[in-house]
Every structure is written in structure tokens, then in C-alpha cells.
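**Student:** If it helps, the file is called work13.tsv and holds TSV, C-alpha atoms:
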```tsv
chain	number	residue	atom	x	y	z
A	158	MET	CA	0.00	0.00	0.00
A	159	VAL	CA	2.87	2.37	0.82
A	160	LYS	CA	4.52	1.74	-2.53
A	161	GLN	CA	1.26	2.20	-4.44
A	162	ARG	CA	0.63	5.56	-2.79
A	163	LEU	CA	4.16	6.71	-3.52
A	164	MET	CA	3.90	5.68	-7.16
A	165	ALA	CA	0.57	7.44	-7.55
A	166	LEU	CA	2.09	10.69	-6.38
A	167	LEU	CA	4.79	10.37	-9.03
A	168	ALA	CA	2.34	9.87	-11.86
A	169	GLY	CA	2.81	13.44	-13.07
A	170	PHE	CA	6.54	12.99	-13.60
A	171	VAL	CA	6.89	11.23	-16.98
A	172	LEU	CA	10.00	10.80	-19.10
A	173	ALA	CA	9.85	12.13	-22.66
A	174	ALA	CA	12.32	9.46	-23.78
A	175	GLY	CA	12.67	5.75	-22.98
A	176	ALA	CA	14.77	4.41	-20.13
A	177	SER	CA	17.65	3.60	-22.48
A	178	SER	CA	18.12	7.30	-23.28
A	179	PHE	CA	17.52	8.55	-19.74
A	180	ALA	CA	19.87	11.17	-18.29
A	181	VAL	CA	19.44	13.19	-15.13
A	182	ALA	CA	18.71	16.83	-15.98
A	183	GLY	CA	18.88	18.17	-12.44
A	184	PRO	CA	18.87	17.08	-8.80
A	185	PRO	CA	17.11	13.83	-7.91
A	186	PRO	CA	13.39	14.75	-7.80
A	187	ILE	CA	11.98	14.72	-4.29
A	188	VAL	CA	8.19	14.48	-4.11
A	189	LYS	CA	6.78	15.99	-0.93
A	190	HIS	CA	3.65	14.26	0.38
A	191	GLY	CA	2.97	16.73	3.17
A	192	THR	CA	2.48	16.76	6.93
A	193	ILE	CA	1.85	13.57	8.90
A	194	ALA	CA	2.19	14.76	12.51
A	195	CYS	CA	2.25	17.89	14.67
A	196	ASP	CA	4.98	18.40	17.29
A	197	LEU	CA	7.13	15.50	16.09
A	198	VAL	CA	10.58	16.30	14.70
A	199	GLU	CA	13.31	13.65	14.83
A	200	ALA	CA	12.19	10.49	13.02
A	201	THR	CA	14.14	7.73	11.26
A	202	PRO	CA	12.56	5.46	8.64
A	203	LEU	CA	14.00	1.95	8.78
A	204	VAL	CA	13.35	-1.55	7.50
A	205	TYR	CA	13.22	-4.32	10.09
A	206	ALA	CA	12.18	-7.93	9.44
A	207	GLY	CA	10.97	-6.91	5.99
A	208	LYS	CA	8.65	-4.20	7.33
A	209	LEU	CA	8.89	-0.43	7.04
A	210	TYR	CA	8.94	1.35	10.40
A	211	ARG	CA	9.27	4.93	11.55
A	212	PHE	CA	11.42	5.39	14.64
A	213	GLU	CA	10.18	8.40	16.60
A	214	TYR	CA	11.65	10.59	19.31
A	215	VAL	CA	8.47	11.56	21.15
A	216	ARG	CA	8.88	14.86	22.93
A	217	ASP	CA	7.36	15.73	26.29
A	218	ARG	CA	4.81	18.14	24.82
A	219	TYR	CA	3.60	15.83	22.04
A	220	LYS	CA	-0.20	15.58	22.39
A	221	ASP	CA	-0.30	11.79	21.96
A	222	ASN	CA	2.76	11.05	24.09
A	223	PRO	CA	2.09	7.55	25.47
A	224	ALA	CA	4.48	7.92	28.42
A	225	GLY	CA	3.96	11.46	29.71
A	226	GLN	CA	7.67	12.17	29.27
A	227	ALA	CA	10.23	12.08	26.49
A	228	CYS	CA	10.66	8.59	25.07
A	229	PHE	CA	11.31	6.56	21.94
A	230	ARG	CA	9.07	4.20	19.95
A	231	LEU	CA	8.70	2.59	16.53
A	232	VAL	CA	5.59	2.69	14.35
A	233	ASP	CA	4.72	-0.07	11.85
A	234	LEU	CA	3.76	1.97	8.79
A	235	LYS	CA	1.54	-0.73	7.32
A	236	THR	CA	-0.62	-1.23	10.40
A	237	GLY	CA	-0.07	2.08	12.19
A	238	GLU	CA	0.67	0.19	15.41
A	239	ALA	CA	3.34	1.60	17.71
A	240	THR	CA	5.65	-0.34	19.98
A	241	ALA	CA	5.58	0.25	23.71
A	242	PRO	CA	7.60	3.37	24.58
A	243	PHE	CA	11.15	2.85	25.85
A	244	ALA	CA	14.19	4.94	26.83
A	245	MET	CA	12.12	7.05	29.21
A	246	GLY	CA	13.46	10.56	29.57
A	247	TYR	CA	15.87	10.28	26.64
A	248	HIS	CA	16.02	12.71	23.74
A	249	LEU	CA	17.14	13.24	20.14
A	250	GLY	CA	17.11	9.59	19.14
A	251	SER	CA	18.35	7.96	15.95
A	252	ALA	CA	18.04	4.32	14.90
A	253	PHE	CA	20.05	1.74	12.95
A	254	VAL	CA	19.29	-1.86	11.94
A	255	GLU	CA	21.91	-4.60	11.74
A	256	GLY	CA	20.61	-8.07	11.00
A	257	LYS	CA	17.88	-9.01	13.47
A	258	ARG	CA	18.73	-6.24	15.92
A	259	VAL	CA	17.66	-2.60	16.16
A	260	TYR	CA	20.03	-0.11	17.77
A	261	VAL	CA	18.86	3.28	19.03
A	262	TYR	CA	21.09	6.13	20.19
A	263	GLY	CA	20.06	9.09	22.33
A	264	VAL	CA	21.05	11.53	25.06
A	265	LYS	CA	19.63	11.96	28.55
A	266	THR	CA	19.31	15.73	28.13
A	267	TRP	CA	19.80	18.11	25.23
A	268	GLY	CA	23.51	18.86	25.37
A	269	ALA	CA	24.52	15.85	27.46
A	270	ASP	CA	28.15	14.71	27.40
A	271	ARG	CA	27.40	11.07	26.69
A	272	ILE	CA	25.47	8.91	24.24
A	273	GLU	CA	23.38	5.95	25.37
A	274	VAL	CA	22.71	2.96	23.11
A	275	PHE	CA	19.56	0.83	23.37
A	276	TRP	CA	19.16	-2.43	21.48
A	277	SER	CA	16.48	-5.08	20.94
A	278	ASP	CA	15.91	-8.25	18.92
A	279	ASP	CA	12.11	-8.12	19.14
A	280	LEU	CA	11.16	-4.41	19.61
A	281	LYS	CA	9.74	-5.36	23.01
A	282	THR	CA	12.66	-5.97	25.35
A	283	TRP	CA	15.43	-3.36	25.33
A	284	GLN	CA	18.90	-3.37	26.84
A	285	ASN	CA	21.10	-0.30	27.16
A	286	LYS	CA	24.56	0.94	28.03
A	287	THR	CA	26.68	4.05	27.62
A	288	ALA	CA	28.14	4.07	24.12
A	289	LEU	CA	30.46	7.11	24.26
A	290	VAL	CA	31.45	9.79	26.77
A	291	LEU	CA	32.79	13.17	25.61
A	292	GLU	CA	33.46	15.06	28.84
A	293	GLY	CA	32.83	18.78	28.59
A	294	TRP	CA	31.16	18.48	25.18
A	295	THR	CA	27.45	19.02	24.52
A	296	ILE	CA	25.86	16.38	22.27
A	297	TYR	CA	22.65	16.62	20.26
A	298	ASN	CA	21.68	14.62	17.14
A	299	THR	CA	23.46	11.47	15.95
A	300	SER	CA	23.44	9.22	12.87
A	301	VAL	CA	25.06	5.82	12.26
A	302	CYS	CA	26.12	4.01	9.09
A	303	LYS	CA	28.00	0.85	8.19
A	304	ASP	CA	31.31	1.31	6.35
A	305	ALA	CA	34.25	-0.77	5.13
A	306	ALA	CA	35.89	-1.04	8.57
A	307	GLY	CA	32.83	-1.34	10.81
A	308	TYR	CA	30.51	1.50	11.74
A	309	THR	CA	30.74	5.28	11.88
A	310	MET	CA	28.61	7.72	13.87
A	311	ALA	CA	28.09	11.40	13.08
A	312	ILE	CA	27.69	13.46	16.26
A	313	GLU	CA	26.30	16.99	16.44
A	314	ILE	CA	28.22	19.11	18.96
A	315	GLY	CA	27.24	22.49	20.43
A	316	ASP	CA	30.03	23.27	22.90
A	317	PRO	CA	32.72	24.01	24.04
A	318	PRO	CA	33.56	26.84	21.62
A	319	GLU	CA	37.10	25.64	21.03
A	320	VAL	CA	35.67	22.32	19.81
A	321	ALA	CA	32.52	23.45	18.08
A	322	GLY	CA	33.70	26.71	16.58
A	323	GLN	CA	30.53	28.25	15.17
A	324	ARG	CA	27.90	25.92	16.58
A	325	PHE	CA	26.67	23.49	15.54
A	326	THR	CA	29.46	21.19	14.30
A	327	ILE	CA	29.62	17.49	13.40
A	328	TYR	CA	32.32	15.13	14.70
A	329	PHE	CA	32.62	11.39	14.14
A	330	ALA	CA	33.20	8.17	16.06
A	331	HIS	CA	33.96	4.55	15.07
A	332	ALA	CA	32.93	1.14	16.41
A	333	GLU	CA	33.17	-2.52	15.44
A	334	ASP	CA	30.16	-3.72	17.44
A	335	LEU	CA	27.70	-0.74	17.49
A	336	LEU	CA	27.99	-0.69	21.30
A	337	ASP	CA	31.43	0.67	22.21
A	338	TRP	CA	32.48	3.80	20.34
A	339	ARG	CA	35.72	5.80	20.10
A	340	LEU	CA	36.09	9.34	18.83
A	341	ALA	CA	37.72	9.76	15.41
A	342	PRO	CA	40.76	12.08	15.06
A	343	ALA	CA	40.03	15.79	15.51
A	344	ALA	CA	40.57	16.42	11.78
A	345	CYS	CA	37.44	14.39	11.08
A	346	VAL	CA	34.93	17.22	11.42
A	347	TYR	CA	32.35	19.29	9.53
A	348	SER	CA	32.37	22.25	9.94
A	349	LYS	CA	33.70	24.56	12.63
A	350	GLU	CA	33.30	27.58	10.33
A	351	LYS	CA	29.50	27.54	10.01
A	352	TYR	CA	26.20	26.17	11.28
A	353	SER	CA	26.19	22.42	10.51
A	354	ALA	CA	23.48	20.41	12.27
A	355	CYS	CA	21.16	17.38	12.01
A	356	PRO	CA	23.45	14.81	10.34
A	357	ALA	CA	22.25	11.81	8.33
A	358	LEU	CA	25.29	9.69	7.42
A	359	ARG	CA	25.62	6.94	4.77
A	360	PHE	CA	28.50	5.05	3.09
A	361	TYR	CA	28.62	3.81	-0.52
A	362	HIS	CA	31.55	2.67	-2.66
A	363	GLY	CA	34.30	4.11	-0.51
A	364	ARG	CA	32.62	7.46	0.18
A	365	TYR	CA	30.70	8.88	3.09
A	366	TYR	CA	27.63	10.88	2.13
A	367	MET	CA	26.21	13.20	4.76
A	368	VAL	CA	23.07	15.28	4.70
A	369	TYR	CA	23.19	18.14	7.20
A	370	LEU	CA	21.23	21.31	7.93
A	371	GLU	CA	22.49	24.60	6.49
A	372	HIS	CA	21.42	28.02	7.78
A	373	TYR	CA	20.81	30.60	5.07
A	374	SER	CA	21.41	34.20	6.13
A	375	PRO	CA	20.24	36.96	5.79
A	376	ALA	CA	17.29	35.22	4.10
A	377	TRP	CA	16.88	33.36	7.41
A	378	TYR	CA	15.75	29.91	6.45
A	379	PHE	CA	17.11	26.40	7.03
A	380	ALA	CA	17.55	23.72	4.35
A	381	PRO	CA	19.38	20.38	4.02
A	382	HIS	CA	22.62	20.03	2.05
A	383	VAL	CA	24.49	16.89	1.00
A	384	ILE	CA	28.27	16.54	1.04
A	385	ARG	CA	30.62	13.59	0.57
A	386	SER	CA	34.09	12.52	1.69
A	387	LYS	CA	36.52	9.62	1.40
A	388	ASP	CA	38.16	10.25	4.78
A	389	LEU	CA	35.78	12.38	6.92
A	390	GLU	CA	38.34	15.21	6.66
A	391	GLN	CA	38.08	16.64	3.15
A	392	TRP	CA	34.48	17.27	2.09
A	393	GLU	CA	32.94	17.91	-1.32
A	394	ASP	CA	29.80	20.01	-1.49
A	395	SER	CA	27.14	19.14	-4.05
A	396	PRO	CA	26.59	21.88	-6.67
A	397	LEU	CA	22.91	20.88	-6.68
A	398	ASN	CA	22.27	21.85	-3.05
A	399	PRO	CA	19.96	22.35	-1.27
A	400	LEU	CA	17.99	19.10	-1.37
A	401	MET	CA	14.75	20.95	-0.61
A	402	ARG	CA	13.51	24.33	0.61
A	403	PRO	CA	10.60	25.38	2.81
A	404	GLY	CA	7.48	25.71	0.68
A	405	PRO	CA	3.71	25.27	0.46
A	406	GLU	CA	4.10	21.54	-0.32
A	407	ASP	CA	5.15	21.01	3.31
A	408	LYS	CA	1.65	21.99	4.44
A	409	GLN	CA	-0.20	19.45	2.31
A	410	ILE	CA	-2.28	17.15	4.50
A	411	ALA	CA	-0.88	13.61	4.39
A	412	ASN	CA	-2.66	12.36	7.51
A	413	PRO	CA	-6.44	12.00	7.15
A	414	LYS	CA	-6.82	11.77	10.93
A	415	PHE	CA	-5.95	15.43	11.52
A	416	THR	CA	-8.70	17.35	13.29
A	417	ALA	CA	-10.05	20.64	11.96
A	418	GLU	CA	-8.04	22.43	14.65
A	419	GLN	CA	-4.82	20.69	13.59
A	420	ARG	CA	-5.45	21.48	9.93
A	421	GLN	CA	-5.90	25.14	10.76
A	422	HIS	CA	-2.72	25.07	12.86
A	423	ILE	CA	-0.80	23.63	9.89
A	424	ALA	CA	-2.25	26.16	7.45
A	425	GLU	CA	-1.40	29.16	9.63
A	426	ALA	CA	2.05	28.09	10.84
A	427	GLU	CA	5.18	29.99	9.85
A	428	ASN	CA	7.53	27.89	7.72
A	429	ILE	CA	11.22	28.78	7.41
A	430	ASN	CA	12.64	25.33	7.85
A	431	ASN	CA	13.19	21.91	6.24
A	432	SER	CA	15.36	20.17	8.83
A	433	ASP	CA	16.23	16.84	10.46
A	434	LEU	CA	16.06	14.96	7.17
A	435	ASP	CA	16.47	11.19	7.44
A	436	PHE	CA	15.73	8.44	4.95
A	437	CYS	CA	15.90	4.76	4.02
A	438	GLU	CA	15.31	2.55	1.01
A	439	PHE	CA	12.21	0.35	0.86
A	440	GLU	CA	10.98	-1.64	-2.15
A	441	GLY	CA	13.09	0.40	-4.55
A	442	GLN	CA	12.02	3.78	-3.18
A	443	THR	CA	13.81	6.18	-0.86
A	444	ILE	CA	11.47	7.21	1.97
A	445	LEU	CA	12.26	10.57	3.58
A	446	TYR	CA	11.11	12.25	6.78
A	447	TYR	CA	11.84	15.85	7.71
A	448	SER	CA	10.61	18.64	9.95
A	449	TRP	CA	9.21	21.99	8.93
A	450	GLY	CA	8.11	24.98	10.99
A	451	ASN	CA	9.63	28.08	12.53
A	452	GLN	CA	12.69	26.61	14.37
A	453	ARG	CA	11.30	28.09	17.58
A	454	GLY	CA	8.98	25.36	18.84
A	455	ILE	CA	6.26	25.27	16.16
A	456	GLU	CA	7.24	22.09	14.34
A	457	PHE	CA	5.71	19.41	12.15
A	458	LEU	CA	6.79	16.05	10.73
A	459	ALA	CA	6.45	15.63	6.97
A	460	GLU	CA	6.99	12.80	4.51
A	461	ALA	CA	8.58	12.75	1.05
A	462	MET	CA	10.08	10.25	-1.38
A	463	PHE	CA	12.52	9.74	-4.22
A	464	ASP	CA	11.60	7.10	-6.80
A	465	GLY	CA	14.83	5.12	-6.70
A	466	SER	CA	17.48	3.63	-4.44
A	467	GLU	CA	19.12	5.43	-1.54
A	468	LYS	CA	22.51	5.08	-3.25
A	469	ASN	CA	21.24	6.71	-6.44
A	470	PHE	CA	19.46	9.42	-4.47
A	471	LEU	CA	22.71	10.51	-2.84
A	472	ALA	CA	25.03	9.97	-5.82
A	473	GLY	CA	22.64	11.92	-8.03
A	474	TYR	CA	23.65	15.16	-6.31
A	475	PHE	CA	27.16	14.96	-7.73
A	476	PRO	CA	27.67	15.84	-11.41
A	477	GLU	CA	29.67	12.84	-12.61
A	478	ALA	CA	27.12	10.45	-11.10
A	479	ALA	CA	24.15	12.44	-12.37
A	480	ALA	CA	25.56	12.50	-15.91
A	481	ALA	CA	26.01	8.73	-16.18
A	482	PRO	CA	22.71	6.97	-16.99
A	483	ALA	CA	23.86	3.37	-16.65
A	484	PRO	CA	24.07	3.04	-12.84
A	485	MET	CA	21.16	5.38	-12.11
A	486	ASP	CA	17.59	4.40	-11.45
A	487	THR	CA	15.06	5.64	-14.03
A	488	ALA	CA	13.56	8.51	-12.10
A	489	ALA	CA	12.13	11.50	-13.95
A	490	PRO	CA	13.67	14.91	-13.37
A	491	GLY	CA	11.63	17.47	-11.50
A	492	PRO	CA	11.83	20.90	-9.90
A	493	LEU	CA	13.58	21.54	-6.62
A	494	GLN	CA	11.01	21.51	-3.84
```
Just give me the structure as C-alpha cells.

**Tutor:**
Amino acid sequence: MVKQRLMALLAGFVLAAGASSFAVAGPPPIVKHGTIACDLVEATPLVYAGKLYRFEYVRDRYKDNPAGQACFRLVDLKTGEATAPFAMGYHLGSAFVEGKRVYVYGVKTWGADRIEVFWSDDLKTWQNKTALVLEGWTIYNTSVCKDAAGYTMAIEIGDPPEVAGQRFTIYFAHAEDLLDWRLAPAACVYSKEKYSACPALRFYHGRYYMVYLEHYSPAWYFAPHVIRSKDLEQWEDSPLNPLMRPGPEDKQIANPKFTAEQRQHIAEAENINNSDLDFCEFEGQTILYYSWGNQRGIEFLAEAMFDGSEKNFLAGYFPEAAAAPAPMDTAAPGPLQ
């Protein structure tokens, strides 16, 4: 059902030529479906046991918070059923699947100096331990990927100033078992010279790809960029950035259960932000979640998609990949959102 809905929304994007003559004419086309929740921000789509889930960091003020305090949960997108909440009192979660196990990372408070890891083989019983301690540092969002040597985590840092530079800044850590992490060398960073937040890290064919949040000034809006690196030190910026911009498509109603009051709230809300982008591949499509709103507490969770693989979605933002039709999925070009 998810795939059918996604394909229906792409019906307007049709190639003038056949697949054999396909070439990408611009950035990979992202189709925004619209808003699915109010007051949810950080969410990670993931595939576990063949099913598509949405991992959610449920904030204290969320109207339908099942625990009455900050917590984590996963939602089965086919049935709409949510797991029991776990990681009570933890914040800014991200999730990663390896085999039959789900790993979730979070912090006890915004700006904590340590990252906790939770893991489960059945989404019911969770174990946890401290994954990494960075004394004197303030930690926010995280993202984990598998690479050639094991696993790498992107870590958003706010302080101290001598570490963060112009906050926020992204550092990295490595692990072999997803449980015990060590900080990468100080040269592995992006970027102390500007606002760089909300990482989503992936690894394909010897390169790290990272989506992060860029702050545009003086226009004063926030939008995701994608960069890539072979060593986490030297970074290449895509000439096709940003991936998306705040726009009226964010306010489309993608959740039929919204009340009239919620719909009015969505329609009237200020929108200067497309942030906290995360994504995964499912049945040949790249499913994306992101937040929009005013970056000052009025926030919404929205859904989008790219009709193709996650690898092609990321590689398509770099000219040499976008110009080569052979390895690319046949996705029609479209306007930047």
C-alpha cells in the first residue's frame, strides 16, 4: 500500500524518452507528500524484518505522548501500530538496523556529554549501556552508518567553543560492534566555520555521504545540504544543493486523521525550515522524513520520497554520477522543492 501511494504521487513525472536514453537533468526529484504529525521532529525510517517502520523521538509536549515524558518508539507503517515506549526521559534519538537487531542512540538531556545505546531483537525488550562519553562536550543529534571497517557515527556538537567553533558542528566516532564507540581524530569534522546540524550519514563505494542542515542568512531559512568525503576530513559540497527548501508543499495534508483544529494550525504556521532529514530505502524507493516549521517550537513532521534507491538518491547530487545513466535508477527529473 505504501509503494502504491508513492507511485501514484509520481504519476505526473513522466519521461519524454525511454529508459535507455535517460539522463538526469537536475537534482534527484523529491516528491513531498505533506504533513503527517504535529509536534514531532526527529524520526528515522527503517526496514526491520521486511517491514517499514518509523522510529520516533516523542517529545514531552507531544499531544499523543504515550508515556507522559520524552521517550522513543517505533511505528509499523503498514498497520499504524506503535511499539511500547522505551528509553524514558531520553532525547534526540536515531536508529540503525543490523541483522535481526535494532540499535537506538540518544542523550539523557539536550547537550549531554554522553550517548546511550539501546538495542532489541524483538522491539519489546530493550537493553542499554553508555556508548560514548565526551566530557565537557554538549551532544545533540546522531546518525550511524556501516562502512568498510565497521561502523561510523556522526555526532552533532554544540560546545565548548574551542571544539565546536561556530555551533553546531559534526564530529565522528567509530565502532566494530555498534555498542562501544571511540572518537575519530580531531581532523574528522564538519564544519567549525559555520552552522552544521542534524546529520544523516551513509557510506557507498568508498565514500561517506552526509546530509546536514544549512542556515541561510540573511534570508533566514534552514535547508538540508548533501556533502561527501573519502576520509571524513576533506568534504565535497554538491553543486545541486539544497535538497529541498521550505514551501507550500510542506503543508499538504498527508494524515487524514488530523482534526479541523490541527489542519488550521498547519495552514497558519510559519515555515522557514526543512530540517532533520532522514531516509531509508524500501521496495526500490527512498522514503524521507523531515521537519518543517519556525525553528522556535512550532514544528511538524512531513513525509517525502525519491523514486529510486538510496545510493542513487545521494550519488545523483554529484555531477559525474548524475551525468552517467547506466548506474542510475530511471527517475524523472523534476523541480527543486

**Student:** Just want the 8 Å neighbourhood of A:Glu199, counted on all atoms listed in the file, with same-chain residues fewer than 6 positions away dropped. Output as a compact mmCIF listing (two decimals) with C-alpha atoms, keeping the file's coordinate frame.

**Tutor:**
```
# COMPACT_ATOMS: atom_id res chain seq x y z
CA GLU A 213 10.18 8.40 16.60
CA TYR A 214 11.65 10.59 19.31
CA LEU A 249 17.14 13.24 20.14
CA GLY A 250 17.11 9.59 19.14
CA SER A 251 18.35 7.96 15.95
CA ASP A 433 16.23 16.84 10.46
CA TYR A 447 11.84 15.85 7.71
CA SER A 448 10.61 18.64 9.95
```

**Student:** Counting only C-alpha atoms, what are the residues of stretch 407-443 of chain A within 6 Å of stretch 394-403 of chain A, and for each of them which pair of atoms is the nearest and at what distance in Å, to one decimal? Sort the table by chain and rising number, as a tab-separated table.

**Tutor:**
```
residue	atom	partner	partner_atom	distance
A:Ile429	CA	A:Pro403	CA	5.8
A:Asn430	CA	A:Pro403	CA	5.4
A:Asn431	CA	A:Pro403	CA	5.5
```

**Student:** Can you tell me, as number ranges by chain, what residues are no more than 10 Å from A:Ala332 when counting all atoms listed in the file, ignoring any on the same chain fewer than 3 positions away?

**Tutor:** A: 288, 303, 306-310, 335-341

**Student:** For atom CA of A:His331 and atom CA of A:Leu209, determine how far apart the two atoms are, in Å to one decimal place.

**Tutor:**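 Straight-line distance from atom CA of A:His331 to atom CA of A:Leu209 works out to 26.8 Å.
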
**Student:** Record the distance separating atom CA of A:Leu458 and atom CA of A:Val346, expressed in Å with one decimal.

**Tutor:** 28.2 Å

**Student:** Determine, counting all atoms listed in the file, which protein, DNA and RNA residues have an atom within 9 Å of an atom of A:Ile296; residues of the same chain fewer than 4 positions away are not included. Present the result as a list of chain:residue names.

**Tutor:** A:Val264, A:Thr266, A:Trp267, A:Gly268, A:Ala269, A:Asp270, A:Arg271, A:Ile272, A:Leu291, A:Ile312, A:Glu313, A:Ile314, A:Gly315, A:Asp316
